[in-house]
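Working notes for the structure below.
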Amino acid sequence: MNQSLFITGGSGYLGRYFLKALDVDMYDKIVLLDRSGTLAHKAGFAVHAGDLLDPGSYENVIEEGATVIHMAALTGKGRRAEHFLMNKVATERLLGAAIRKGARRFLFLSSIAVEFAVRPGYHYADAKLAAEQAVQSSGIDHLIVRPTMIFGPEAPVMQGLSKLATAPLVPLFGGGSHQCQPVHVQDMARWLVFALRSLAFDNSIYSVAGPEALSLKNLLRMIRKKETGKDGGFLNWPLAPTRFLLRLIESPLMKFMPLTSGQLATFANDSTAALMAQEQGGHFLKTPITEMI
């Protein structure tokens with residue numbers, strides 16, 4: 001049986017840890033799709049320059065029987081059209097190329113945000129959900145993985161929360177009462193390796209989290225105390241009016257805004273997930289909050 005991999009998003013935050021966690025000797029060939037040029041000359045991997053939106057630039061290196069691991073995504077700020085192009089359309093084109101070349105399995109990295117009940121203007125979550133639907137309707141054997149917040153050294157989400165937590169007054173949008181359950185990037189990478197090797201690609205969806213849940217207020221308090229040594233300085237801030245005002249000004253001012261209305265969806269929803277059962281790799285998800293920040 002072909003044991004080759006075709007990987008997108010290897011230069012991303014989670015992708016870099018995932019590549020380190022992989023045992024390259026277990027696979028016949030591992031191809032990394034590289035648009036930015038940052039993966040050149042990576043030992044143990046075959047690096048291929050290409051653009052997800054242009055299947056002709058990469059489909060010939062997807063081997064028959066391969067497993068495709070799709071981690072590339074547009075995150076953070078972005079207009080609706082940008083998120084749907086890079087997260088939905090790009091996924092659809094990759095699926096098409098994988099199927100044409102006879103790939104056997106498809107692992108799609110989604111987000112816990114697709115489970116949010118309140119997400120007006122959260123284009124990233126909407127586009128990820130649309131991409132999930134494309135994967136589900138493709139007919140290829142697949143797994144869909146929805147991580148919670150991914151923490152660790154220099155984690156992008158952590159950097160944003162640190163800016164918020166170290167402000168002279170910390171705005172608690174909606175009171176900060178909603179729960180979150182971060183997962184450490186190394187734990188998440190090891191769980192993905194486990195899933196790749198040990199789970200059946202039976203079209204399941206896995207929501208993956210770390211071992212502890214806490215309120216956003218308590219998370220920001222922990223970050224604030226670590227970064228500044230201070231406690232307090234929190235200000236309850238109305239969430240719904242803030243999100244409404246941000247949506248009004250996003251179109252002309254997005255490039256100047258520190259965050260968007262959609263990104264505040266974290267303050268309107270719980271970002272938690274049931275831990276994986278032991279037989280589903282739950283023992284990898286063990287790093288406590290205190291060691292993530």
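Residue numbering restarts at 1 for every chain of the structure tokens, chains are lettered A, B, ... in their displayed order, and ligands are numbered from 1 as they appear.
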
> Got a sec: who's within 12 Å of region 46-49 of chain A, counting only C-alpha atoms, leaving out chain neighbours fewer than 3 positions off, as a VMD selection string?
Replying inline: chain A and resid 4 to 11 24 27 to 43 52 54 to 62

> Got a sec to tell me which of region 212-277 of chain A DSSP assigns to strand (DSSP E or B), as a VMD selection string?
Replying inline: chain A and resid 214 to 215 234 to 237 271

Writer output for current selection, C-alpha atoms, as an mmCIF file, in the first residue's frame:
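Listed below is the output, out.cif:
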```
data_model
loop_
_atom_site.group_PDB
_atom_site.id
_atom_site.type_symbol
_atom_site.label_atom_id
_atom_site.label_comp_id
_atom_site.auth_asym_id
_atom_site.auth_seq_id
_atom_site.Cartn_x
_atom_site.Cartn_y
_atom_site.Cartn_z
ATOM 1 C CA LEU A 214 -11.542 28.086 32.044
ATOM 2 C CA SER A 215 -13.321 31.382 31.439
ATOM 3 C CA PHE A 234 -10.555 44.678 33.989
ATOM 4 C CA LEU A 235 -13.436 46.546 32.431
ATOM 5 C CA ASN A 236 -16.686 44.860 31.450
ATOM 6 C CA TRP A 237 -17.508 45.955 27.919
ATOM 7 C CA SER A 271 -14.493 27.313 22.705
#
```

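In this model, the gap between CA of His283 (chain A) and CA of Val145 (chain A) comes to 16.7 Å.
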
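Using only C-alpha atoms, the nearest neighbour of Phe116 (chain A) within the list A:Pro211, A:Pro288, A:Gly262, A:Gly232 is A:Gly262.
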
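Of the listed residues (A:Arg221, A:Arg190, A:Lys230, A:Arg146), A:Arg146 comes nearest to Ile205 (chain A); the distances count only C-alpha atoms.
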
>> Just to confirm, what's the straight-line distance from CA of Thr266 (chain A) to CA of Tyr124 (chain A) in Å (one decimal)?
In response: 12.2 Å

> Pick from A:Asp51, A:Glu154, A:Glu63, A:Glu115: nearest to Tyr13 (chain A), with only C-alpha atoms counted?
Replying inline: A:Glu154

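Compared by their closest atoms to Pro182 (chain A), and using only C-alpha atoms, the residues A:Val118, A:Ile289, A:Leu74, A:Leu94 rank with A:Ile289 nearest.
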
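For the choices A:Val170, A:Leu109, A:Leu196, A:Met158, the atom-to-atom distance to Thr91 (chain A) is smallest for A:Leu109 when using only C-alpha atoms.
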
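Counting only C-alpha atoms, the residue from A:Asn269, A:Gln186, A:Ser207, A:Thr290 that sits nearest to Arg16 (chain A) is A:Gln186.
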
> Quick one: residues within 8 Å of Phe173 (chain A), only C-alpha atoms counted, chain neighbours fewer than 2 positions away excluded, as a VMD selection string?
Replying inline: chain A and resid 171 175 to 176 236 to 239 264 267

Those same residues - N, CA and C atoms - I'd like them written as a PDB file, in the first residue's frame.
```pdb
ATOM      1  N   PRO A 171     -10.351  45.188  28.337  1.00  0.00           N
ATOM      2  CA  PRO A 171     -11.787  45.099  28.041  1.00  0.00           C
ATOM      3  C   PRO A 171     -12.265  43.654  28.056  1.00  0.00           C
ATOM      4  N   GLY A 175     -18.257  40.431  29.349  1.00  0.00           N
ATOM      5  CA  GLY A 175     -17.943  39.957  30.689  1.00  0.00           C
ATOM      6  C   GLY A 175     -16.885  38.868  30.745  1.00  0.00           C
ATOM      7  N   GLY A 176     -16.538  38.299  29.599  1.00  0.00           N
ATOM      8  CA  GLY A 176     -15.492  37.275  29.575  1.00  0.00           C
ATOM      9  C   GLY A 176     -15.879  35.987  30.263  1.00  0.00           C
ATOM     10  N   ASN A 236     -15.625  45.522  32.210  1.00  0.00           N
ATOM     11  CA  ASN A 236     -16.686  44.860  31.450  1.00  0.00           C
ATOM     12  C   ASN A 236     -17.132  45.764  30.307  1.00  0.00           C
ATOM     13  N   TRP A 237     -17.217  45.166  29.123  1.00  0.00           N
ATOM     14  CA  TRP A 237     -17.508  45.955  27.919  1.00  0.00           C
ATOM     15  C   TRP A 237     -18.620  45.258  27.146  1.00  0.00           C
ATOM     16  N   PRO A 238     -19.646  46.003  26.730  1.00  0.00           N
ATOM     17  CA  PRO A 238     -20.764  45.358  26.016  1.00  0.00           C
ATOM     18  C   PRO A 238     -20.304  44.761  24.687  1.00  0.00           C
ATOM     19  N   LEU A 239     -20.663  43.512  24.461  1.00  0.00           N
ATOM     20  CA  LEU A 239     -20.177  42.806  23.279  1.00  0.00           C
ATOM     21  C   LEU A 239     -20.986  43.108  22.030  1.00  0.00           C
ATOM     22  N   LEU A 264     -14.264  38.633  17.494  1.00  0.00           N
ATOM     23  CA  LEU A 264     -14.824  38.721  18.845  1.00  0.00           C
ATOM     24  C   LEU A 264     -15.834  37.606  19.113  1.00  0.00           C
ATOM     25  N   PHE A 267     -15.633  35.660  22.289  1.00  0.00           N
ATOM     26  CA  PHE A 267     -16.224  36.174  23.528  1.00  0.00           C
ATOM     27  C   PHE A 267     -17.729  35.930  23.587  1.00  0.00           C
TER      28      PHE A 267
END
```

>> With only C-alpha atoms as the counted atoms, please give the residues lying no more than 12 Å from Ala130 (chain A), apart from itself and same-chain residues fewer than 5 positions off, as JSON, numbers by chain.
In response: {"A": [83, 84, 85, 86, 87, 88, 89, 90, 91, 92, 110, 111, 114, 123, 124, 125, 135, 136, 137]}
